[in-house]
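K.L.:
My structure is stored as protein.cif, with mmCIF, C-alpha atoms.
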```
data_data
#
loop_
_atom_site.group_PDB
_atom_site.id
_atom_site.type_symbol
_atom_site.label_atom_id
_atom_site.label_comp_id
_atom_site.auth_asym_id
_atom_site.auth_seq_id
_atom_site.Cartn_x
_atom_site.Cartn_y
_atom_site.Cartn_z
ATOM 1 C CA MET A 1056 -14.169 93.065 -11.892
ATOM 2 C CA GLU A 1057 -16.657 95.735 -10.840
ATOM 3 C CA ILE A 1058 -15.105 98.945 -9.468
ATOM 4 C CA LYS A 1059 -17.102 101.684 -7.779
ATOM 5 C CA TYR A 1060 -14.462 104.426 -7.547
ATOM 6 C CA CYS A 1061 -11.852 105.690 -10.010
ATOM 7 C CA PRO A 1062 -8.401 104.412 -8.886
ATOM 8 C CA PHE A 1063 -6.835 107.647 -10.182
ATOM 9 C CA CYS A 1064 -9.055 110.461 -8.897
ATOM 10 C CA GLY A 1065 -11.353 108.684 -6.443
ATOM 11 C CA ARG A 1066 -14.624 109.805 -8.074
ATOM 12 C CA GLU A 1067 -17.638 107.508 -7.703
ATOM 13 C CA LEU A 1068 -18.238 105.754 -11.025
ATOM 14 C CA ALA A 1069 -21.483 105.182 -12.868
ATOM 15 C CA GLU A 1070 -22.461 101.617 -13.785
ATOM 16 C CA LYS A 1071 -20.414 100.168 -16.704
ATOM 17 C CA GLU A 1072 -18.315 103.345 -16.992
ATOM 18 C CA THR A 1073 -15.044 102.501 -18.795
ATOM 19 C CA ILE A 1074 -13.580 106.015 -18.989
ATOM 20 C CA CYS A 1075 -13.630 108.236 -15.907
ATOM 21 C CA SER A 1076 -15.570 111.365 -16.871
ATOM 22 C CA ALA A 1077 -13.725 113.386 -14.214
ATOM 23 C CA CYS A 1078 -10.069 112.669 -15.027
ATOM 24 C CA GLY A 1079 -10.348 110.850 -18.369
ATOM 25 C CA SER A 1080 -8.502 107.734 -17.155
ATOM 26 C CA ASP A 1081 -9.028 104.453 -19.016
ATOM 27 C CA LEU A 1082 -10.488 101.939 -16.550
ATOM 28 C CA THR A 1083 -10.540 98.942 -18.925
ATOM 29 C CA ILE A 1084 -7.569 97.175 -17.334
ATOM 30 C CA PHE A 1085 -9.261 97.245 -13.927
ATOM 31 C CA LEU A 1086 -12.563 95.987 -15.340
ATOM 32 C CA LEU A 1087 -10.765 93.045 -16.989
ATOM 33 C CA MET A 1088 -9.141 91.984 -13.725
ATOM 34 C CA PRO A 1089 -10.676 88.941 -12.003
ATOM 35 C CA SER A 1090 -13.160 89.579 -9.220
ATOM 36 C CA PRO A 1091 -12.314 88.722 -5.584
ATOM 37 C CA ASP A 1092 -14.642 85.693 -5.859
ATOM 38 C CA GLU A 1093 -12.777 84.423 -8.924
ATOM 39 C CA ILE A 1094 -9.425 84.918 -7.199
ATOM 40 C CA SER A 1095 -10.735 83.147 -4.100
ATOM 41 C CA GLU A 1096 -11.933 80.206 -6.209
ATOM 42 C CA GLU A 1097 -8.552 79.930 -7.937
ATOM 43 C CA ILE A 1098 -6.720 79.998 -4.588
ATOM 44 C CA LYS A 1099 -9.097 77.314 -3.315
ATOM 45 C CA ASN A 1100 -8.246 75.131 -6.325
ATOM 46 C CA VAL A 1101 -4.525 75.620 -5.745
ATOM 47 C CA MET A 1102 -4.856 74.756 -2.047
ATOM 48 C CA GLU A 1103 -6.850 71.622 -2.871
ATOM 49 C CA SER A 1104 -4.057 70.502 -5.193
ATOM 50 C CA PHE A 1105 -1.639 70.817 -2.269
ATOM 51 C CA MET A 1106 -3.800 68.623 -0.060
ATOM 52 C CA GLY A 1107 -3.781 65.591 -2.357
ATOM 53 C CA ASP A 1108 -1.268 62.789 -2.670
ATOM 54 C CA GLY A 1109 2.319 63.939 -2.973
ATOM 55 C CA ALA A 1110 1.624 67.220 -1.127
ATOM 56 C CA PRO A 1111 4.764 68.909 0.194
ATOM 57 C CA ASP A 1112 5.708 68.766 3.879
ATOM 58 C CA PHE A 1113 4.594 72.236 5.005
ATOM 59 C CA GLU A 1114 6.262 71.932 8.395
ATOM 60 C CA GLU A 1115 9.591 71.346 6.678
ATOM 61 C CA LEU A 1116 9.018 74.196 4.227
ATOM 62 C CA THR A 1117 8.165 76.744 6.930
ATOM 63 C CA LYS A 1118 10.664 75.641 9.556
ATOM 64 C CA ASN A 1119 13.251 78.254 8.607
ATOM 65 C CA LEU A 1120 10.856 81.096 7.767
ATOM 66 C CA ASP A 1121 10.982 84.235 9.907
ATOM 67 C CA THR A 1122 7.325 84.904 10.766
ATOM 68 C CA SER A 1123 8.033 87.606 13.344
ATOM 69 C CA LYS A 1124 7.528 90.447 10.859
ATOM 70 C CA ALA A 1125 4.780 91.260 8.401
ATOM 71 C CA LYS A 1126 5.441 90.281 4.807
ATOM 72 C CA GLY A 1127 4.138 91.776 1.583
ATOM 73 C CA PHE A 1128 3.907 95.252 0.103
ATOM 74 C CA PHE A 1129 1.690 98.314 0.295
ATOM 75 C CA ILE A 1130 0.216 100.777 -2.189
ATOM 76 C CA SER A 1131 -0.454 104.367 -1.128
ATOM 77 C CA VAL A 1132 -2.402 106.985 -3.079
ATOM 78 C CA ASN A 1133 -1.969 110.639 -2.120
ATOM 79 C CA MET A 1134 -4.562 113.063 -3.532
ATOM 80 C CA THR A 1135 -4.248 116.783 -2.824
ATOM 81 C CA GLY A 1136 -6.639 119.323 -4.300
ATOM 82 C CA ASP A 1137 -6.729 119.248 -8.097
ATOM 83 C CA ARG A 1138 -3.276 117.722 -8.463
ATOM 84 C CA LYS A 1139 -2.787 114.316 -10.049
ATOM 85 C CA PRO A 1140 -2.738 111.458 -7.513
ATOM 86 C CA ILE A 1141 0.705 110.343 -6.355
ATOM 87 C CA ILE A 1142 0.843 106.543 -6.229
ATOM 88 C CA LYS A 1143 3.633 104.821 -4.300
ATOM 89 C CA THR A 1144 4.462 101.216 -3.508
ATOM 90 C CA GLY A 1145 6.893 99.808 -1.007
ATOM 91 C CA GLU A 1146 7.700 97.039 1.412
ATOM 92 C CA ILE A 1147 5.672 96.580 4.588
ATOM 93 C CA LYS A 1148 8.717 97.479 6.691
ATOM 94 C CA ASP A 1149 8.590 100.990 5.172
ATOM 95 C CA LEU A 1150 4.884 101.482 5.948
ATOM 96 C CA GLU A 1151 5.696 103.248 9.210
ATOM 97 C CA ASP A 1152 7.258 106.163 7.298
ATOM 98 C CA VAL A 1153 4.149 106.457 5.102
ATOM 99 C CA LEU A 1154 1.790 106.429 8.092
ATOM 100 C CA ARG A 1155 3.847 109.178 9.728
ATOM 101 C CA ASP A 1156 3.099 111.506 6.785
ATOM 102 C CA LEU A 1157 -0.626 110.739 6.593
ATOM 103 C CA PRO A 1158 -3.057 113.474 7.756
ATOM 104 C CA ILE A 1159 -4.689 111.186 10.313
ATOM 105 C CA PRO A 1160 -5.825 112.204 13.819
ATOM 106 C CA ASP A 1161 -3.263 112.069 16.622
ATOM 107 C CA PHE A 1162 -5.279 109.526 18.610
ATOM 108 C CA VAL A 1163 -5.201 107.123 15.645
ATOM 109 C CA ARG A 1164 -1.515 107.764 14.960
ATOM 110 C CA SER A 1165 -0.508 107.181 18.596
ATOM 111 C CA SER A 1166 -2.333 103.845 18.764
ATOM 112 C CA ILE A 1167 -0.687 102.681 15.537
ATOM 113 C CA GLU A 1168 2.763 103.714 16.734
ATOM 114 C CA ALA A 1169 2.151 102.008 20.091
ATOM 115 C CA ASP A 1170 1.604 98.684 18.337
ATOM 116 C CA LYS A 1171 3.839 98.822 15.267
ATOM 117 C CA ASP A 1172 3.548 95.089 14.606
ATOM 118 C CA LYS A 1173 -0.168 95.535 13.891
ATOM 119 C CA SER A 1174 0.101 98.768 11.883
ATOM 120 C CA SER A 1175 0.356 96.840 8.615
ATOM 121 C CA GLU A 1176 -2.917 95.066 9.457
ATOM 122 C CA MET A 1177 -4.945 98.289 9.811
ATOM 123 C CA GLU A 1178 -7.510 98.806 7.066
ATOM 124 C CA PHE A 1179 -8.569 102.338 6.108
ATOM 125 C CA ILE A 1180 -12.195 102.446 4.993
ATOM 126 C CA GLU A 1181 -13.933 105.467 3.485
ATOM 127 C CA VAL A 1182 -17.529 105.340 4.682
ATOM 128 C CA LYS A 1183 -20.704 106.860 3.253
ATOM 129 C CA GLU A 1184 -23.044 108.929 5.352
ATOM 130 C CA ASP A 1185 -26.829 108.757 5.484
ATOM 131 C CA ILE A 1186 -28.554 112.070 6.244
ATOM 132 C CA LYS A 1187 -31.856 111.989 8.111
ATOM 133 C CA ARG A 1188 -33.807 115.224 7.706
ATOM 134 C CA ASN A 1189 -35.751 116.466 10.729
ATOM 135 C CA GLU A 1190 -37.869 119.534 11.306
ATOM 136 C CA ALA A 1191 -35.402 121.281 13.608
ATOM 137 C CA ASN A 1192 -32.069 119.773 12.500
ATOM 138 C CA ASP A 1193 -30.363 117.117 10.388
ATOM 139 C CA GLU A 1194 -28.757 113.883 11.579
ATOM 140 C CA ILE A 1195 -25.722 112.415 9.847
ATOM 141 C CA LEU A 1196 -25.619 108.626 10.352
ATOM 142 C CA ILE A 1197 -22.385 106.737 9.661
ATOM 143 C CA GLU A 1198 -21.805 103.004 10.160
ATOM 144 C CA MET A 1199 -18.538 102.212 11.976
ATOM 145 C CA PRO A 1200 -19.072 98.596 13.126
ATOM 146 C CA GLU A 1201 -15.735 98.135 14.902
ATOM 147 C CA VAL A 1202 -15.802 101.422 16.842
ATOM 148 C CA GLU A 1203 -16.822 100.659 20.427
ATOM 149 C CA ASN A 1204 -17.169 104.099 22.048
ATOM 150 C CA ILE A 1205 -17.356 107.793 21.181
ATOM 151 C CA GLU A 1206 -13.856 108.361 22.620
ATOM 152 C CA ASN A 1207 -12.520 106.556 19.531
ATOM 153 C CA VAL A 1208 -14.154 109.078 17.191
ATOM 154 C CA GLU A 1209 -12.757 112.448 16.146
ATOM 155 C CA ILE A 1210 -14.968 115.091 14.491
ATOM 156 C CA VAL A 1211 -13.210 118.203 13.182
ATOM 157 C CA LYS A 1212 -14.568 121.070 11.085
ATOM 158 C CA ARG A 1213 -12.095 122.621 8.643
ATOM 159 C CA GLY A 1214 -13.707 125.446 6.699
ATOM 160 C CA ASN A 1215 -16.909 124.045 5.226
ATOM 161 C CA LEU A 1216 -15.762 120.428 5.565
ATOM 162 C CA LEU A 1217 -16.593 118.158 8.475
ATOM 163 C CA GLU A 1218 -13.873 115.500 8.845
ATOM 164 C CA ILE A 1219 -14.911 112.373 10.749
ATOM 165 C CA THR A 1220 -12.589 109.534 11.784
ATOM 166 C CA GLY A 1221 -13.346 106.460 13.864
ATOM 167 C CA LYS A 1222 -10.884 103.845 15.118
ATOM 168 C CA GLY A 1223 -11.763 100.181 15.518
ATOM 169 C CA LYS A 1224 -9.515 97.243 16.409
ATOM 170 C CA THR A 1225 -8.360 96.607 12.838
ATOM 171 C CA LYS A 1226 -10.158 99.319 10.845
ATOM 172 C CA ILE A 1227 -9.938 103.096 10.567
ATOM 173 C CA TYR A 1228 -13.177 104.624 9.242
ATOM 174 C CA PHE A 1229 -13.072 108.082 7.694
ATOM 175 C CA THR A 1230 -15.187 110.478 5.688
ATOM 176 C CA GLU A 1231 -15.632 114.177 5.040
ATOM 177 C CA LEU A 1232 -18.703 116.114 3.995
ATOM 178 C CA ASP A 1233 -19.566 119.685 3.195
ATOM 179 C CA ILE A 1234 -21.826 121.179 5.878
ATOM 180 C CA ARG A 1235 -21.152 124.753 4.744
ATOM 181 C CA ASP A 1236 -21.659 127.183 7.644
ATOM 182 C CA LYS A 1237 -23.752 124.810 9.755
ATOM 183 C CA THR A 1238 -22.800 124.025 13.364
ATOM 184 C CA VAL A 1239 -22.445 120.599 14.949
ATOM 185 C CA ILE A 1240 -24.962 120.324 17.795
ATOM 186 C CA ASP A 1241 -24.295 116.863 19.209
ATOM 187 C CA SER A 1242 -22.697 113.473 18.495
ATOM 188 C CA SER A 1243 -23.243 109.969 19.865
ATOM 189 C CA LEU A 1244 -22.345 106.364 19.078
ATOM 190 C CA GLU A 1245 -24.661 103.400 19.505
ATOM 191 C CA SER A 1246 -24.183 99.826 18.246
ATOM 192 C CA GLY A 1247 -21.481 100.887 15.790
ATOM 193 C CA VAL A 1248 -23.514 103.730 14.266
ATOM 194 C CA LEU A 1249 -22.252 107.293 14.718
ATOM 195 C CA LYS A 1250 -24.922 109.999 14.839
ATOM 196 C CA VAL A 1251 -23.834 113.624 14.323
ATOM 197 C CA THR A 1252 -26.572 116.229 14.732
ATOM 198 C CA VAL A 1253 -26.057 119.475 12.807
ATOM 199 C CA GLU A 1254 -28.114 122.584 12.089
ATOM 200 C CA LYS A 1255 -30.668 122.027 9.365
ATOM 201 C CA PHE A 1256 -29.253 122.329 5.827
#
```
Show the structure stored in the file as structure tokens.
P.N.:
Amino acid sequence: MEIKYCPFCGRELAEKETICSACGSDLTIFLLMPSPDEISEEIKNVMESFMGDGAPDFEELTKNLDTSKAKGFFISVNMTGDRKPIIKTGEIKDLEDVLRDLPIPDFVRSSIEADKDKSSEMEFIEVKEDIKRNEANDEILIEMPEVENIENVEIVKRGNLLEITGKGKTKIYFTELDIRDKTVIDSSLESGVLKVTVEKF
């Protein structure tokens, strides 16, 4: 399977890199894992075997299942400064406690807490920015397809870092970039693309 970021330190990986040059982690086990397409194909084969003659009665099998709560497990990775990442796993029912400790904006947290049944379905996506250089200023363009209006975006400057978060129906988009001492001039959202105008770098 192809991986673009180190699972241990989060650094972007070069093509065919088997040892992370930042943290020294061995990535071989991840590279040997099947790709999503291969997993999908295998699941398809299994499902086809269930559809043939002698397939089990699914209505009977699921009759006594409790489908009112989310099933499965979660994996959380906490990275702070230069410390080693802290990786935790747990049951979906415990995800609420993990979300409570995450450094996410209040407007995202409140919407998750308001609909706890859907909190396990939220997907957190780190997005890449595209910087358009202009004569007078620079424009930071970020794709957030599910975000419908600028009220669902939070832009906060902490020191030299600009932290950007956008909330969609099922996805939370986030990124941070170093803008040094530059000031944010304006921000707008159009067709799922956030544009943040800052002083020229």
K.L.:
With the file shown as input, list the residues that the PyMOL selection byres ((chain A and resi 1229-1242) around 6) selects, as number ranges by chain.
P.N.:
A: 1181-1182, 1215-1220, 1228, 1243, 1250-1254
K.L.:
Pick from A:Gly1065, A:Pro1140, A:Gly1145, A:Pro1200: nearest to Leu1249 in chain A, with all atoms listed in the file counted?
P.N.:
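Closest residue, counting all atoms listed in the file: A:Pro1200.
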K.L.:
Fewer than 5 positions away in the same chain doesn't count, so skip those; otherwise give me all residues within 10 Å of Cys1075 in chain A, counting only C-alpha atoms, as a list in words.
P.N.:
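Once the adjacent positions are removed, what remains is Tyr1060, Cys1061, Pro1062, Phe1063, Cys1064, Gly1065, Arg1066, Glu1067, Leu1068, Ala1069, Ser1080, Asp1081 and Leu1082 of chain A.
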K.L.:
Counting only C-alpha atoms, figure out which residue out of A:Ala1077, A:Ile1084, A:Ile1058, A:Ile1205 gets nearest to Ser1246 in chain A.
P.N.:
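Closest candidate: A:Ile1205.
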K.L.:
Could you tell me which residues the PyMOL selection byres ((chain A and resi 1179) around 7) returns for this structure, as a PDB file with C-alpha atoms, in the frame of the given file?
P.N.:
```pdb
ATOM      1  CA  MET A1177      -4.945  98.289   9.811  1.00  0.00           C
ATOM      2  CA  GLU A1178      -7.510  98.806   7.066  1.00  0.00           C
ATOM      3  CA  ILE A1180     -12.195 102.446   4.993  1.00  0.00           C
ATOM      4  CA  GLU A1181     -13.933 105.467   3.485  1.00  0.00           C
ATOM      5  CA  LYS A1226     -10.158  99.319  10.845  1.00  0.00           C
ATOM      6  CA  ILE A1227      -9.938 103.096  10.567  1.00  0.00           C
ATOM      7  CA  TYR A1228     -13.177 104.624   9.242  1.00  0.00           C
TER       8      TYR A1228
END
```
